[in-house]
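Colleague: Input: one structure, supplied below.
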Amino acid sequence: MNKPLLALALAFGIASVANVQAKTPAVASPAPAINDAQIAHIAYTAGVIDVTAAKQALQKSHNKAVRAFAEEMQRDHTAVNDQALALVKKLGVTPQDNPTSQSLASGAADEQKKLAALSGSAYDKAYVANEIAYHKTVNGALSGTLIPSAQNAELKSLLETGLKLFQSHQAHAEHLALSLK
Amino acid sequence: MLRTTILLAGLLALTGGFAPASAASKAKPPATAPAHHVHVIVIDQMQYGPMPTDVRAGDIIEWTNKDILEHSATARDGHFDVDLKPGTSGRITATAGTLVFFCKFHPTMTGTLVVK
């Protein structure tokens, strides 16, 4: 697992532990569970990261199928983030920066540098492999931590829609990876 | 004679009066014409909903996109390509055969429909 994904997995692992602790009455001072403002920030950050990766792919890749996939990522994650922004505005919630979002952002910047150094089919394969790993991790975090922790029903529903969408992205990326071998 | 004339005039007037109505009724489609049904396929959560059954040539197939993303119903054989912005619907008139379609934006979304 690469560095940003490890950071993400660790961050979500910690969040999961925090949730379990928060639900245990015997614990005197439980670690605070992740709140909706933080969940919204993490989900939005995860979307921005994939849009940025897609833009890089559209600048670097000449493979028609890879470019179509990148366009899909750019379009869909932008649409979901637009919905997320509209929802937090409606709910009067200000997305709250947090260590998970920060790890995600710095890890993604590192990954983008690595990908920038590649070209041709080496770049295509690395980009798609990273997309598979990234979506797997984000989907695991959505189903394991973010969706169960979300308190607002509309936020939970949007995250559930996002999970369906990102599972479809993962399937598309896995299918695409097979064609690049 | 006068009575006969009045009767005849009345009869002509009546005939004339009914003539337009008769012409109008001829413009209506015959009652025996087969009705063309509208079959709706709902798109939600990155999936095409259940495929309608008993679809006949000439029926309308309508896709309704309830997702927050743009989708399409695009024929594998290129016969139709319906763009569906979020919250909109699009239609085609069915032709006999097996219609295989997919979303050109999300290739993992596919559907197959049999039209008799």
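We label chains A, B, ... in the order they appear in the structure tokens, count residues from 1 in each chain, and number ligands from 1 in the order shown.
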Show me which bits of chain B are within 9 Å of chain A, counting only C-alpha atoms, as a ChimeraX atom specification.

Modeller: /B:45-46,67-70,105-109

Colleague: Any idea what's packed within 10 Å of A:Ala173, counting only C-alpha atoms, ignoring anything in its chain fewer than 6 positions away? Could you give it as a compact mmCIF listing (two decimals) with N, CA and C atoms, in the first residue's frame?

Modeller:
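File written: selection27.txt
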# COMPACT_ATOMS: atom_id res chain seq x y z
N VAL A 66 -8.10 5.21 -21.01
CA VAL A 66 -7.65 5.84 -19.76
C VAL A 66 -8.21 7.27 -19.69
N PHE A 69 -11.84 7.17 -18.79
CA PHE A 69 -11.99 6.91 -17.35
C PHE A 69 -11.72 8.19 -16.55
N ALA A 70 -10.66 8.89 -16.91
CA ALA A 70 -10.31 10.13 -16.19
C ALA A 70 -11.43 11.16 -16.32
N TYR A 127 -1.36 5.08 -12.89
CA TYR A 127 -2.55 5.90 -12.58
C TYR A 127 -3.75 4.99 -12.28
N VAL A 128 -3.97 4.01 -13.13
CA VAL A 128 -5.14 3.14 -12.95
C VAL A 128 -4.98 2.28 -11.70
N ALA A 129 -3.76 1.78 -11.45
CA ALA A 129 -3.53 0.98 -10.25
C ALA A 129 -3.79 1.81 -8.99
N ASN A 130 -3.37 3.06 -9.03
CA ASN A 130 -3.61 3.93 -7.88
C ASN A 130 -5.10 4.22 -7.71
N GLU A 131 -5.81 4.36 -8.83
CA GLU A 131 -7.25 4.61 -8.76
C GLU A 131 -7.98 3.42 -8.12
N ILE A 132 -7.54 2.21 -8.46
CA ILE A 132 -8.15 1.02 -7.86
C ILE A 132 -7.92 1.04 -6.34
N ALA A 133 -6.66 1.23 -5.95
CA ALA A 133 -6.31 1.21 -4.53
C ALA A 133 -7.03 2.34 -3.78
N HIS A 135 -9.86 3.98 -4.59
CA HIS A 135 -11.30 3.75 -4.46
C HIS A 135 -11.60 2.63 -3.46
N GLN A 167 -18.04 2.53 -5.99
CA GLN A 167 -17.90 1.09 -6.24
C GLN A 167 -17.92 0.83 -7.75
N SER A 179 -7.23 -4.45 -19.29
CA SER A 179 -6.97 -4.14 -20.71
C SER A 179 -5.61 -3.50 -20.93

Colleague: Expressed in Å to a single decimal, how great is the separation between atom CA of B:Asp77 and atom CA of A:Ala54?

Modeller: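 A separation of 29.3 Å between them.
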